[in-house]
Structure formats: C-alpha cells, structure tokens
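Source file: structure.txt (compact mmCIF, C-alpha atoms)
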# COMPACT_ATOMS: atom_id res chain seq x y z
CA MET X 137 -43.02 -69.05 41.81
CA GLU X 138 -42.81 -72.78 42.49
CA LEU X 139 -44.00 -76.04 40.94
CA LEU X 140 -46.57 -78.45 42.34
CA LEU X 141 -47.48 -81.78 40.76
CA ILE X 142 -50.38 -83.76 42.20
CA GLY X 143 -51.75 -86.97 40.74
CA LEU X 144 -52.35 -90.71 40.86
CA ASN X 145 -51.23 -93.63 38.70
CA HIS X 146 -51.34 -97.42 38.34
CA LYS X 147 -49.05 -97.80 41.37
CA THR X 148 -51.27 -95.82 43.75
CA ALA X 149 -54.82 -96.32 42.45
CA PRO X 150 -56.76 -99.34 41.10
CA VAL X 151 -58.33 -99.16 37.66
CA GLU X 152 -61.86 -98.50 38.97
CA LEU X 153 -60.61 -95.35 40.74
CA ARG X 154 -58.51 -94.25 37.77
CA GLU X 155 -61.40 -94.58 35.35
CA ARG X 156 -63.60 -92.35 37.51
CA VAL X 157 -60.94 -89.66 37.62
CA SER X 158 -60.20 -90.03 33.90
CA ALA X 159 -63.87 -89.27 33.16
CA ILE X 160 -63.39 -85.69 34.43
CA HIS X 161 -63.68 -83.10 31.66
CA ASN X 162 -60.09 -81.87 31.31
CA GLY X 163 -60.96 -78.44 29.95
CA GLU X 164 -63.32 -77.62 32.82
CA LEU X 165 -60.88 -78.88 35.44
CA LEU X 166 -57.98 -76.89 33.95
CA GLY X 167 -60.13 -73.75 33.90
CA GLU X 168 -61.05 -74.13 37.56
CA VAL X 169 -57.45 -74.75 38.63
CA LEU X 170 -56.30 -71.65 36.74
CA SER X 171 -59.01 -69.57 38.41
CA TRP X 172 -57.34 -70.03 41.80
CA PRO X 173 -55.27 -66.95 42.75
CA GLU X 174 -52.28 -69.10 43.81
CA VAL X 175 -52.02 -70.83 40.41
CA GLU X 176 -50.36 -68.94 37.56
CA GLU X 177 -49.89 -71.74 34.99
CA ALA X 178 -51.09 -75.34 34.70
CA LEU X 179 -51.36 -78.42 32.51
CA LEU X 180 -53.08 -81.82 32.79
CA LEU X 181 -51.64 -85.22 31.88
CA SER X 182 -54.34 -87.88 31.52
CA THR X 183 -53.58 -91.40 30.23
CA CYS X 184 -54.97 -94.88 30.91
CA ASN X 185 -52.44 -95.29 33.74
CA ARG X 186 -52.20 -91.83 35.31
CA PHE X 187 -53.88 -88.49 35.94
CA GLU X 188 -51.66 -85.57 36.96
CA ILE X 189 -51.97 -81.81 37.39
CA LEU X 190 -48.80 -79.71 37.09
CA MET X 191 -49.01 -76.14 38.37
CA ALA X 192 -46.71 -73.13 38.57
CA VAL X 193 -47.77 -71.37 41.77
CA ALA X 194 -46.92 -68.19 43.66
CA GLY X 195 -43.87 -68.53 45.89
CA ASP X 196 -45.74 -67.72 49.11
CA THR X 197 -48.39 -70.42 48.58
CA ALA X 198 -49.03 -72.68 51.58
CA PRO X 199 -48.41 -76.27 50.38
CA THR X 200 -51.16 -77.91 52.43
CA THR X 201 -53.78 -75.40 51.29
CA LEU X 202 -53.22 -76.02 47.59
CA GLU X 203 -52.84 -79.79 48.00
CA SER X 204 -56.12 -79.97 49.91
CA GLY X 205 -57.82 -77.80 47.32
CA CYS X 206 -56.70 -80.07 44.47
CA ALA X 207 -57.84 -83.21 46.29
CA ALA X 208 -61.25 -81.66 47.07
CA LEU X 209 -61.72 -80.53 43.47
CA LEU X 210 -60.82 -83.96 42.05
CA ALA X 211 -63.15 -85.63 44.54
CA LEU X 212 -65.99 -83.30 43.57
CA LYS X 213 -65.50 -83.80 39.83
CA SER X 214 -65.00 -87.59 39.99
CA GLY X 215 -67.51 -88.46 42.70
CA VAL X 216 -64.81 -90.33 44.66
CA GLU X 217 -64.74 -89.81 48.42
CA VAL X 218 -62.00 -87.33 49.27
CA GLU X 219 -60.56 -89.65 51.96
CA ARG X 220 -60.15 -92.46 49.43
CA LEU X 221 -58.72 -90.11 46.83
CA ASN X 222 -56.21 -88.67 49.31
CA GLY X 223 -54.86 -92.16 49.90
CA ALA X 224 -54.09 -92.55 46.19
CA LEU X 225 -52.68 -89.09 45.46
CA TYR X 226 -48.98 -88.23 45.44
CA ARG X 227 -47.62 -84.70 45.73
CA HIS X 228 -44.29 -83.41 44.42
CA TRP X 229 -42.92 -79.89 44.78
CA ASP X 230 -40.31 -78.06 42.68
CA ARG X 231 -37.31 -80.25 41.75
CA GLU X 232 -39.12 -83.43 42.84
CA ALA X 233 -42.02 -82.50 40.54
CA ARG X 234 -39.66 -81.91 37.62
CA PHE X 235 -37.78 -85.15 38.24
CA HIS X 236 -41.04 -87.12 38.49
CA LEU X 237 -42.08 -85.71 35.11
CA MET X 238 -38.72 -86.67 33.62
CA ARG X 239 -39.15 -90.25 34.86
CA THR X 240 -42.69 -90.32 33.53
CA ALA X 241 -41.78 -89.00 30.07
CA ALA X 242 -38.83 -91.42 29.85
CA SER X 243 -41.26 -94.30 30.70
CA LEU X 244 -39.40 -95.23 33.90
CA ASP X 245 -42.68 -94.84 35.80
CA SER X 246 -44.84 -96.75 33.29
CA LEU X 247 -46.67 -100.03 33.73
CA VAL X 248 -44.48 -101.34 30.92
CA LEU X 249 -40.94 -100.03 31.32
CA GLY X 250 -39.71 -98.44 28.12
CA GLU X 251 -43.10 -98.17 26.40
CA PRO X 252 -42.93 -95.50 23.70
CA GLN X 253 -46.40 -93.89 23.92
CA ILE X 254 -45.91 -91.89 27.13
CA LEU X 255 -43.39 -89.42 25.66
CA GLY X 256 -45.90 -88.43 22.99
CA GLN X 257 -48.69 -88.21 25.59
CA VAL X 258 -46.63 -85.85 27.76
CA LYS X 259 -45.82 -83.67 24.74
CA ARG X 260 -49.48 -83.64 23.70
CA ALA X 261 -50.54 -82.52 27.21
CA TYR X 262 -47.97 -79.71 27.01
CA ASP X 263 -49.15 -78.64 23.53
CA GLU X 264 -52.82 -78.69 24.56
CA ALA X 265 -52.14 -76.51 27.61
CA ARG X 266 -50.13 -74.08 25.49
CA GLY X 267 -52.96 -74.01 22.96
CA VAL X 268 -55.40 -72.63 25.55
CA GLY X 269 -52.89 -70.18 27.04
CA ALA X 270 -52.43 -72.13 30.28
CA VAL X 271 -48.63 -72.29 30.02
CA GLY X 272 -46.22 -69.40 30.58
CA LYS X 273 -42.47 -68.97 30.98
CA ARG X 274 -42.03 -71.27 34.00
CA LEU X 275 -43.86 -74.31 32.65
CA ASN X 276 -42.46 -73.72 29.17
CA ARG X 277 -38.92 -74.00 30.50
CA THR X 278 -39.82 -76.94 32.76
CA MET X 279 -41.51 -78.95 30.01
CA GLN X 280 -38.73 -78.28 27.51
CA GLN X 281 -36.25 -79.59 30.08
CA VAL X 282 -38.44 -82.63 30.79
CA LEU X 283 -38.84 -83.52 27.12
CA ARG X 284 -35.14 -82.99 26.38
CA ALA X 285 -34.12 -85.20 29.32
CA ALA X 286 -36.59 -87.96 28.36
CA LYS X 287 -35.43 -87.99 24.74
CA ARG X 288 -31.81 -88.19 25.86
CA ALA X 289 -32.60 -91.11 28.19
CA ARG X 290 -34.35 -93.04 25.42
CA ARG X 291 -31.62 -92.24 22.89
CA GLU X 292 -28.54 -92.93 25.02
CA CYS X 293 -29.80 -95.63 27.38
CA GLU X 294 -31.56 -97.90 24.88
CA MET X 295 -34.94 -97.36 26.51
CA GLY X 296 -36.56 -97.29 23.09
CA ARG X 297 -35.02 -100.63 22.11
CA ALA X 298 -36.16 -102.13 25.41
CA ALA X 299 -39.74 -100.98 24.91
CA VAL X 300 -42.62 -103.42 24.97
CA SER X 301 -46.14 -102.00 24.62
CA VAL X 302 -49.20 -102.85 26.67
CA GLY X 303 -50.70 -104.12 23.42
CA SER X 304 -47.90 -106.62 22.87
CA ILE X 305 -48.24 -107.87 26.46
CA ALA X 306 -51.93 -108.46 25.79
CA ALA X 307 -50.97 -110.54 22.77
CA ALA X 308 -48.47 -112.52 24.87
CA LEU X 309 -51.23 -113.37 27.37
CA ALA X 310 -53.44 -114.65 24.54
CA GLN X 311 -50.68 -117.00 23.47
CA GLN X 312 -50.51 -118.43 27.00
CA ILE X 313 -54.20 -119.40 26.86
CA PHE X 314 -54.32 -120.49 23.19
CA SER X 315 -51.11 -122.35 22.51
CA ASP X 316 -51.95 -122.59 18.79
CA LEU X 317 -53.30 -119.29 17.50
CA ARG X 318 -53.71 -120.71 13.99
CA ARG X 319 -57.17 -121.88 15.01
CA SER X 320 -58.10 -118.65 16.80
CA ASP X 321 -60.14 -115.73 15.50
CA VAL X 322 -59.41 -112.26 16.87
CA ALA X 323 -61.67 -109.23 17.32
CA LEU X 324 -60.25 -105.79 17.99
CA ILE X 325 -62.61 -103.21 19.48
CA GLY X 326 -61.17 -99.82 18.61
CA ALA X 327 -58.69 -98.62 16.00
CA GLY X 328 -55.88 -96.97 17.95
CA LYS X 329 -52.14 -97.61 18.24
CA MET X 330 -52.35 -100.11 21.11
CA ILE X 331 -54.92 -102.12 19.18
CA ALA X 332 -52.72 -102.16 16.09
CA GLN X 333 -49.67 -103.29 18.10
CA ALA X 334 -51.55 -106.11 19.80
CA ALA X 335 -53.03 -107.26 16.50
CA GLY X 336 -49.64 -107.21 14.81
CA LYS X 337 -48.24 -109.55 17.48
CA LEU X 338 -51.22 -111.89 17.18
CA GLU X 339 -50.96 -111.90 13.41
CA SER X 340 -47.25 -112.74 13.62
CA ALA X 341 -48.12 -115.62 15.95
CA GLY X 342 -50.44 -117.03 13.27
CA ALA X 343 -53.96 -115.86 14.24
CA ARG X 344 -56.45 -117.27 11.73
CA SER X 345 -58.42 -114.04 11.23
CA ILE X 346 -58.56 -110.51 12.61
CA THR X 347 -61.63 -108.27 12.58
CA VAL X 348 -61.59 -104.58 13.55
CA VAL X 349 -64.82 -103.45 15.24
CA ASN X 350 -65.24 -99.71 15.60
CA ARG X 351 -67.95 -97.08 15.88
CA SER X 352 -66.40 -95.32 12.88
CA VAL X 353 -66.20 -97.88 10.08
CA GLU X 354 -64.04 -95.50 8.06
CA ARG X 355 -61.45 -95.32 10.85
CA ALA X 356 -61.52 -99.11 11.14
CA ARG X 357 -60.87 -99.42 7.40
CA GLU X 358 -57.82 -97.15 7.69
CA LEU X 359 -56.32 -99.63 10.16
CA ALA X 360 -57.55 -102.84 8.51
CA ARG X 361 -57.23 -102.26 4.77
CA PRO X 362 -53.40 -102.21 4.48
CA ARG X 363 -53.23 -105.45 6.49
CA GLY X 364 -56.06 -107.33 4.84
CA TRP X 365 -58.15 -107.54 8.02
CA GLU X 366 -61.95 -107.57 8.18
CA VAL X 367 -64.01 -104.57 9.30
CA CYS X 368 -67.27 -104.54 11.22
CA PRO X 369 -69.48 -101.78 12.66
CA LEU X 370 -69.93 -101.61 16.44
CA ALA X 371 -73.63 -102.48 16.10
CA GLU X 372 -72.65 -106.02 15.04
CA LEU X 373 -70.47 -106.63 18.10
CA PRO X 374 -72.81 -109.33 19.58
CA GLU X 375 -72.43 -111.39 16.39
CA ILE X 376 -68.66 -110.90 16.36
CA LEU X 377 -68.34 -112.09 19.98
CA ALA X 378 -70.14 -115.31 19.11
CA ALA X 379 -67.59 -116.06 16.38
CA THR X 380 -64.41 -114.92 18.17
CA ASP X 381 -61.84 -116.52 20.49
CA ILE X 382 -59.76 -113.48 21.43
CA VAL X 383 -61.05 -109.94 22.06
CA ILE X 384 -58.78 -106.95 22.71
CA SER X 385 -60.55 -103.68 23.44
CA SER X 386 -59.20 -100.14 23.72
CA THR X 387 -61.55 -97.25 22.98
CA ALA X 388 -62.34 -93.88 24.53
CA SER X 389 -65.98 -94.79 25.14
CA PRO X 390 -67.39 -93.38 28.40
CA GLU X 391 -69.76 -96.38 28.70
CA ARG X 392 -69.36 -100.17 28.71
CA LEU X 393 -69.35 -101.63 25.21
CA VAL X 394 -69.28 -105.31 26.23
CA THR X 395 -71.97 -106.29 28.75
CA VAL X 396 -72.58 -109.45 30.76
CA GLU X 397 -75.73 -110.23 28.78
CA MET X 398 -73.87 -109.83 25.50
CA VAL X 399 -71.07 -112.23 26.49
CA ARG X 400 -73.43 -114.75 28.11
CA ALA X 401 -75.44 -115.01 24.89
CA ALA X 402 -72.24 -115.29 22.84
CA GLN X 403 -70.92 -118.09 25.06
CA GLN X 404 -74.11 -120.10 24.64
CA ARG X 405 -73.76 -119.86 20.87
CA ARG X 406 -70.04 -120.75 21.12
CA ARG X 407 -70.85 -123.79 23.27
CA TYR X 408 -68.64 -122.35 25.99
CA ARG X 409 -65.36 -122.55 24.18
CA PRO X 410 -62.70 -120.45 25.96
CA LEU X 411 -63.10 -116.73 25.34
CA PHE X 412 -60.12 -114.50 26.14
CA ILE X 413 -60.78 -110.77 26.62
CA VAL X 414 -58.22 -108.07 27.34
CA ASP X 415 -59.67 -104.67 28.21
CA ILE X 416 -56.89 -102.08 28.08
CA ALA X 417 -59.23 -99.07 28.06
CA VAL X 418 -59.70 -96.56 30.88
CA PRO X 419 -62.62 -96.13 31.46
CA ARG X 420 -63.08 -99.87 30.88
CA ASP X 421 -64.94 -101.09 27.78
CA VAL X 422 -65.91 -104.43 29.31
CA ALA X 423 -68.18 -104.86 32.34
CA PRO X 424 -66.02 -106.33 35.16
CA GLU X 425 -68.72 -108.96 35.89
CA VAL X 426 -67.95 -110.58 32.53
CA GLY X 427 -64.92 -112.22 34.15
CA ALA X 428 -67.20 -114.36 36.35
CA LEU X 429 -68.84 -116.10 33.37
CA GLU X 430 -68.01 -119.70 32.54
CA ARG X 431 -64.79 -120.17 30.55
CA VAL X 432 -64.33 -116.43 30.04
CA TYR X 433 -60.86 -115.06 30.82
CA LEU X 434 -61.03 -111.30 31.37
CA TYR X 435 -57.94 -109.17 31.98
CA ASN X 436 -57.91 -105.41 32.51
CA ILE X 437 -54.95 -103.06 32.34
CA ASP X 438 -54.02 -103.65 35.99
CA ASP X 439 -53.92 -107.41 35.45
CA LEU X 440 -51.14 -106.89 32.91
CA SER X 441 -48.82 -105.84 35.73
CA SER X 442 -47.83 -109.45 36.48
CA VAL X 443 -46.60 -109.87 32.92
CA SER X 444 -45.03 -106.42 33.13
CA ALA X 445 -43.02 -107.50 36.20
CA GLU X 446 -40.93 -109.86 34.09
CA ASN X 447 -40.54 -107.12 31.50
CA GLN X 448 -39.36 -104.83 34.30
CA ARG X 449 -36.69 -107.27 35.49
CA ASN X 450 -35.40 -107.75 31.96
CA ARG X 451 -34.90 -104.01 31.57
CA GLU X 452 -33.38 -103.02 34.90
CA GLN X 453 -29.97 -102.26 33.42
CA ALA X 454 -31.40 -99.87 30.82
CA ALA X 455 -33.58 -98.30 33.51
CA ALA X 456 -30.64 -97.72 35.86
CA SER X 457 -28.68 -96.08 33.06
CA ALA X 458 -31.66 -93.92 32.14
CA ALA X 459 -32.15 -92.87 35.77
CA ARG X 460 -28.51 -91.71 35.95
CA CYS X 461 -29.04 -89.77 32.72
CA LEU X 462 -32.14 -88.06 34.13
CA ASP X 463 -30.26 -87.23 37.34
CA GLN X 464 -27.55 -85.50 35.29
CA GLU X 465 -30.19 -83.49 33.44
CA ALA X 466 -31.90 -82.52 36.70
CA ARG X 467 -28.59 -81.37 38.23
CA ARG X 468 -27.74 -79.37 35.12
CA PHE X 469 -31.09 -77.62 35.23
CA ALA X 470 -30.69 -76.90 38.95
CA ARG X 471 -27.29 -75.28 38.26
CA GLN X 472 -28.85 -73.21 35.51
CA GLU X 473 -31.58 -72.04 37.89
CA ARG X 474 -29.01 -70.97 40.49
CA VAL X 475 -27.03 -68.96 37.92
CA GLU X 476 -30.09 -67.41 36.27
CA PRO X 477 -30.58 -64.50 38.74
CA LEU X 478 -27.12 -63.22 37.71
CA GLY X 479 -28.16 -62.78 34.08
CA PRO X 480 -29.92 -59.40 34.28
CA VAL X 481 -27.27 -58.04 36.66
CA ILE X 482 -24.40 -59.10 34.41
CA ARG X 483 -26.10 -57.45 31.47
CA ALA X 484 -26.62 -54.29 33.50
CA LEU X 485 -22.96 -54.36 34.57
CA ARG X 486 -21.85 -54.76 30.96
CA GLU X 487 -24.06 -51.83 29.90
CA SER X 488 -22.59 -49.71 32.70
CA PHE X 489 -18.99 -50.49 31.66
CA LEU X 490 -19.78 -49.87 28.00
CA GLU X 491 -21.34 -46.51 28.88
CA VAL X 492 -18.18 -45.46 30.76
CA ALA X 493 -15.98 -46.63 27.86
CA ASP X 494 -18.15 -44.81 25.33
CA ASN X 495 -17.96 -41.52 27.28
CA GLU X 496 -14.18 -41.77 27.52
CA LEU X 497 -13.97 -42.58 23.81
CA LYS X 498 -15.98 -39.50 22.91
CA ARG X 499 -13.68 -37.30 25.01
CA THR X 500 -10.63 -38.82 23.31
CA GLU X 501 -12.11 -38.25 19.84
CA ARG X 502 -12.77 -34.57 20.63
CA ARG X 503 -9.09 -34.11 21.48
CA LEU X 504 -7.78 -36.11 18.52
CA LYS X 505 -9.76 -34.45 15.71
CA HIS X 506 -7.30 -35.58 13.06
CA LEU X 507 -8.40 -39.24 13.39
CA SER X 508 -9.91 -40.79 10.27
CA ALA X 509 -13.25 -42.64 10.25
CA ASP X 510 -11.37 -45.95 10.16
CA ASP X 511 -9.28 -44.93 13.17
CA ARG X 512 -12.38 -43.97 15.11
CA GLU X 513 -14.08 -47.30 14.30
CA ALA X 514 -10.93 -49.17 15.38
CA LEU X 515 -10.98 -47.32 18.73
CA ARG X 516 -14.66 -48.23 19.25
CA ARG X 517 -13.97 -51.90 18.57
CA MET X 518 -10.94 -51.82 20.92
CA SER X 519 -12.97 -50.14 23.68
CA LYS X 520 -15.74 -52.75 23.41
CA ALA X 521 -13.22 -55.60 23.36
CA LEU X 522 -11.50 -54.24 26.49
CA VAL X 523 -14.81 -54.20 28.37
CA GLY X 524 -15.47 -57.79 27.34
CA LYS X 525 -12.01 -58.99 28.39
CA LEU X 526 -12.08 -57.12 31.72
CA LEU X 527 -15.48 -58.57 32.62
CA HIS X 528 -14.92 -62.12 31.38
CA THR X 529 -13.06 -63.53 34.41
CA PRO X 530 -15.21 -61.83 37.10
CA VAL X 531 -18.40 -63.00 35.34
CA GLN X 532 -17.18 -66.59 35.09
CA GLN X 533 -16.17 -66.56 38.75
CA LEU X 534 -19.58 -65.18 39.74
CA LYS X 535 -21.35 -67.92 37.81
CA ALA X 536 -19.17 -70.57 39.39
CA ALA X 537 -19.89 -69.17 42.86
CA ALA X 538 -23.61 -69.07 42.12
CA GLN X 539 -23.60 -72.81 41.45
CA GLU X 540 -22.50 -73.37 45.04
CA GLN X 541 -25.20 -71.13 46.47
CA HIS X 542 -28.30 -69.52 45.05
CA GLY X 543 -27.42 -66.92 42.42
CA SER X 544 -29.73 -64.25 43.85
CA GLU X 545 -27.31 -63.57 46.73
CA ALA X 546 -24.38 -63.05 44.38
CA ALA X 547 -26.59 -60.90 42.15
CA GLU X 548 -27.55 -58.67 45.08
CA TRP X 549 -23.88 -58.08 46.03
CA LEU X 550 -23.08 -57.24 42.42
CA ARG X 551 -25.86 -54.63 42.33
CA ARG X 552 -24.59 -53.05 45.56
CA LEU X 553 -20.92 -53.09 44.55
CA PHE X 554 -21.49 -51.24 41.26
CA LEU X 555 -24.65 -49.29 42.25
CA LEU X 556 -26.57 -50.93 39.42
CA SER X 557 -30.19 -50.17 38.65
CA LEU X 558 -31.88 -52.72 36.40
CA ASP X 559 -34.68 -50.25 35.60
CA ASP X 560 -32.21 -47.62 34.39
CA CYS X 561 -30.59 -50.18 32.11
CA GLY X 562 -33.93 -51.30 30.68
CA VAL X 563 -33.29 -54.97 31.53
CA ASP X 564 -36.16 -57.44 31.82
CA PRO X 565 -35.26 -59.73 34.76
CA ASP X 566 -36.77 -62.72 32.91
CA GLU X 567 -35.05 -62.03 29.61
CA ASP X 568 -31.55 -63.40 30.15
CA SER X 569 -32.19 -67.13 30.43
CA GLU X 570 -30.26 -68.63 27.58
CA GLU X 571 -29.87 -72.38 27.19
CA PRO X 572 -26.40 -73.56 28.15
CA LYS X 573 -24.15 -74.33 25.20
CA ARG X 574 -23.29 -77.98 24.63
Is it possible to express this structure as structure tokens?
Amino acid sequence: MELLLIGLNHKTAPVELRERVSAIHNGELLGEVLSWPEVEEALLLSTCNRFEILMAVAGDTAPTTLESGCAALLALKSGVEVERLNGALYRHWDREARFHLMRTAASLDSLVLGEPQILGQVKRAYDEARGVGAVGKRLNRTMQQVLRAAKRARRECEMGRAAVSVGSIAAALAQQIFSDLRRSDVALIGAGKMIAQAAGKLESAGARSITVVNRSVERARELARPRGWEVCPLAELPEILAATDIVISSTASPERLVTVEMVRAAQQRRRYRPLFIVDIAVPRDVAPEVGALERVYLYNIDDLSSVSAENQRNREQAAASAARCLDQEARRFARQERVEPLGPVIRALRESFLEVADNELKRTERRLKHLSADDREALRRMSKALVGKLLHTPVQQLKAAAQEQHGSEAAEWLRRLFLLSLDDCGVDPDEDSEEPKR
C-alpha cells in the first residue's frame, strides 16, 4: 500500500478556481474516491486556501491512472475544465505526500507563514474521515506522524509566536487606507475566528464602532456581547453598508452576500466616501465586480499575498528551523518504516526460542523432582531471561541493518535461517508497530 496526495492551493490556483472546487460536497466526493478498487483509505482537507485528497492505495496501482481519475472526478464535480484543473493540481506520492502534509500542518505552506488555524483544520479533516470509517491503519499512522511533527515544529521553532492570521493582515490593510481609524465604523459579516481576530486588531487601532452582521443573530451575539459590539441580522446588510467605512467578510455562504447593486446604492447614500472591503471567504461573499465601483477598495484572499510576502520575509529564520525539524521527523518515520517488517519475525523468533527453553525446562523438572515450587519458578524466570539476553544483540543488529536497507529483506533471511512460520506463531504482521521510545 502506498500514499497519494493530490490537490491545489493558493500557490497553484487563483481564488475563482479554488472557490469552485471548494463548493464540491465533501461527503459525496469522499464516497466516490473510496469506491475505487485501488483506494483503501482516504481523507479530504478543504480550507479557504487549499483542497487536497489523501489516499492510501494498493501497492500495484499505476500512478498515472489514479492521478487522471482524481483530476477527472474533480473536474466533473466542480465544473472546471479538466485541462485547466490539471495545470493547478500537484501530486505527491509516499514520503513526499507525508512531508507535504507535515509542511501544511506546520503552516510552512500557508498564505500567512505561521498562522495557527491550519493545524486544527488538518486535525479536523482527519477526525471527520475517521468518523465515517474512511481511515484505517496506514492513514492513522501517517496522520499521527504528521500532527506530531507539526506540533513539534510549532513548539520548538517558535512558529506559533511568529504567527500572524489572515484576519490581522486584513486589519493592517484597513489601517493603510484609513490612517485614523477613530473616525471609521466597521462591519463584520460572519462570526468566525478570522472575523474575531480582524475585529480585535481594528478595535485595538481605535475603530469607532464595530457591528457584527450574521445570518444567525444568536451566533453574532456570542461574538459581540463580551466585547460590547453591535449586532445586526443579515437582512439589514444594505443599511449597514451605507453607514460603514470598513467591511470584513468571512462566511460559508455558497452565494454572494454583497452585490454590485447593494454597494452602488450604499455609495450613493455615503456620498462616495472611501469604502474598504476585505473578502476572506472561499467561495467569495462579495461579487468581484464591486471592486470596479467608484472609491471602493475590494481585496480578496489572494490580494493579501502581497502583505503576506513581508510577513514571510520576517519569519524566514523560524521557517528554516521548522523545516529542519520536519525533516528530522520524516527521516525518523522512514527509519521506523524500514524496521517495521522485522517486528512480526522477531516476535516469532522469540516465541520459537521460548518454546525450546520451555521444553528443556520441563525435561529438567521431571529429572529433578525434589525441586520446590520456588525453585521451579526461579528456573522459569532464568530460562526466560536467558532467551532475552541471547536475542538482544542479534535483534539490535538486525534493526540497525534494516535502517540501511528495507527491513523486509532482513526479515526474509531471518525466517529462512530459523525456519519460522508466522502463521504457526499466531502473529499478526501488522500488530508489532510500536512507537519508538523517546
């Protein structure tokens, strides 16, 4: 079995392509992928900046066949021409797929280097796939390794301290257009984490008022009440736009919430004062044509990349350290994979030695009938200890050799040398895969 990761992100696809792919129903797509005979396990990672499918596939799968099948399925579900989609898709197999996921979860592949949300999004994708039974042993081990490596990178390499969210970048852009936010009124469309982060930055910069506009008024109140912000239902959005200077929108709406007609009418009522809009939703909440209106400054999530570039330069040292950390984790996991085939064979060898020792012990006990129960127990413990000591050095040498070449070859020689049968020993070949001690 091998791994295949296929996907697109903010580096390979513009926002209009990403929003069409993000509109695909994840559950249906996952079900179709799992129905393919080559695919044994799968999970989907879908965020505003990326859409990726991770699959555990049969070892004899032809790479081009599965890659073409994924591209055709995504094209069918999204309505994007397969030629255009192929130009945006990247493909990673096995260790490259695992390393790409590590970089993603550690936010080294994010629009904003060090942003904290992606680790939770990767974990949520893993949990959702497990919840529907789409994940088995291979992806379980892979995702646990990915999450462990990403957490280590953030903890040891100060990635968390270097983090700046997309929301805070949106707030920084607003400050470039309105030098004095004390005379600016802010409207937030949505009630999620990015919205809260952006609003917090704007509030710290002195924004005169903040209003949360959301389809669910109750959800908006949960965000606004502790901070003393205003709340407004989505139906009153046209009125809010007419009284607002800064709009930041991030919802999961499948349709445009802010239309050209809505903003044009608001601008007439505002006498064409500057209106700054940041749309960080995918699919987009704001019609792209809004940006062509007089004195309206519209930014989408891709436009934030220019601000992110400075953020990237300021965090290169932390990123380099994190990349080295991820490389160490990837190498450690590769060594573990090479040694793993020896596990069942070593257990079978130990069982074989213990069986020989036990038979000899029984013969000895029959000859020495005067031994007490304590004496007999002491002999059993000694016999088991001898087996452990005799096998310790050969086993360690085998594991060391397996790290230089794939462990399956060493395992096969061990089976032949001692005439071992895993079936006779009742060993599950997938059972002996313990985590290395730290």
Within 9 Å of region 398-402 of chain X, counting only C-alpha atoms, which residues show up once you throw out same-chain ones fewer than 5 positions away? Write them as a list in words, please.
Leu373, Pro374, Glu375, Ile376, Leu377, Ala378, Ala379, Arg407, Tyr408, Val426, Leu429, Glu430 and Val432 of chain X
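In this structure, CA of Arg551 (chain X) sits 16.3 Å away from CA of Leu490 (chain X).
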Expressed in Å to a single decimal, how great is the separation between CA of Ser214 (chain X) and CA of Thr197 (chain X)?
25.4 Å
For Ala388 (chain X), please output as number ranges by chain all residues within 9 Å (counting all atoms listed in the file; exclusion window: fewer than 4 positions along the same chain).
X: 326, 417-421
Output the selection as a PDB file, keeping the file's coordinate frame - C-alpha atoms for each residue.
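File written: out22.pdb
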ATOM      1  CA  GLY X 326     -61.170 -99.820  18.610  1.00  0.00           C
ATOM      2  CA  ALA X 417     -59.230 -99.070  28.060  1.00  0.00           C
ATOM      3  CA  VAL X 418     -59.700 -96.560  30.880  1.00  0.00           C
ATOM      4  CA  PRO X 419     -62.620 -96.130  31.460  1.00  0.00           C
ATOM      5  CA  ARG X 420     -63.080 -99.870  30.880  1.00  0.00           C
ATOM      6  CA  ASP X 421     -64.940-101.090  27.780  1.00  0.00           C
TER       7      ASP X 421
END
I'd like the interatomic distance between CA of Ala192 (chain X) and CA of Gly250 (chain X), to a tenth of an Å.
28.3 Å
Given 8 Å of margin on each side, can you work out the centre and size in Å (one decimal) of an axis-aligned box holding every listed atom of region 260-276 of chain X, as AutoDock Vina command-line options?
--center_x -48.7 --center_y -76.3 --center_z 28.5 --size_x 29.4 --size_y 30.7 --size_z 27.0
Would you mind telling me which residue in X:Lys259, X:Arg468, X:Arg220, X:Arg291 lies nearest to Leu237 (chain X) when using only C-alpha atoms?
X:Lys259
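Among the candidate residues X:Gln312, X:Gln533, X:Asn185, X:Gln281, the one lying nearest to Asn436 (chain X) is X:Asn185, with distances computed using all atoms listed in the file.
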Counting all atoms listed in the file, which residues sit no farther than 8 Å from the position (-67.5, -102.2, 23.3) in the file's frame? I'd like them as a VMD selection string.
chain X and resid 325 370 373 385 387 389 392 to 394 421 to 422
Calculated over all atoms listed in the file, which of the candidates X:Met279, X:Leu225, X:Ala194, X:Ala270 has the smallest distance to Pro150 (chain X)?
X:Leu225
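Minimum distance to Thr380 (chain X) across X:Phe489, X:Phe314, X:Phe412, X:Phe187 (counting all atoms listed in the file) occurs at X:Phe412.
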Taking a cut-off of 12 Å and counting all atoms listed in the file, can you build a table that, for each residue of region 380-456 of chain X near region 335-338 of chain X, reports the nearest atom pair and how far apart they are in Å (one decimal), sorted by chain then residue number, as CSV?
residue,atom,partner,partner_atom,distance
X:Ile382,CA,X:Leu338,CA,9.7
X:Val383,CA,X:Ala335,CA,10.1
X:Ile384,CA,X:Ala335,CA,8.5
X:Ser385,CA,X:Ala335,CA,10.8
X:Ser386,CA,X:Ala335,CA,11.9
Give me, as a PyMOL selection string, all polymer residues having an atom no more than 10 Å from Trp172 (chain X), counting all atoms listed in the file and skipping those fewer than 6 positions away in the same chain.
chain X and resi 193+202+205
Excluding same-chain residues fewer than 6 positions from Gly364 (chain X), what lies within 10 Å of it counting all atoms listed in the file, as JSON, numbers by chain?
{"X": [345, 346, 347, 357]}
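Look at Asp230 (chain X): the protein and nucleic acid residues within 8 Å of it, using only C-alpha atoms and passing over chain neighbours fewer than 6 places away, are Glu138, Leu139 and Leu140 of chain X.
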From the list X:Glu217, X:Glu487, X:Glu264, X:Asp381, the nearest residue to Leu166 (chain X) using all atoms listed in the file is X:Glu264
Taking (-38.9, -83.9, 25.8) as a centre in this file's frame and 9 Å as the limit, can you find every polymer residue with an atom that close, using all atoms listed in the file, and give them as a ChimeraX atom specification?
/X:238,241-242,255-256,258-259,279-288
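If all atoms listed in the file are the atoms counted, then among X:Trp365, X:Trp549, X:Tyr262, X:Phe235 the closest residue to Ile482 (chain X) is X:Trp549.
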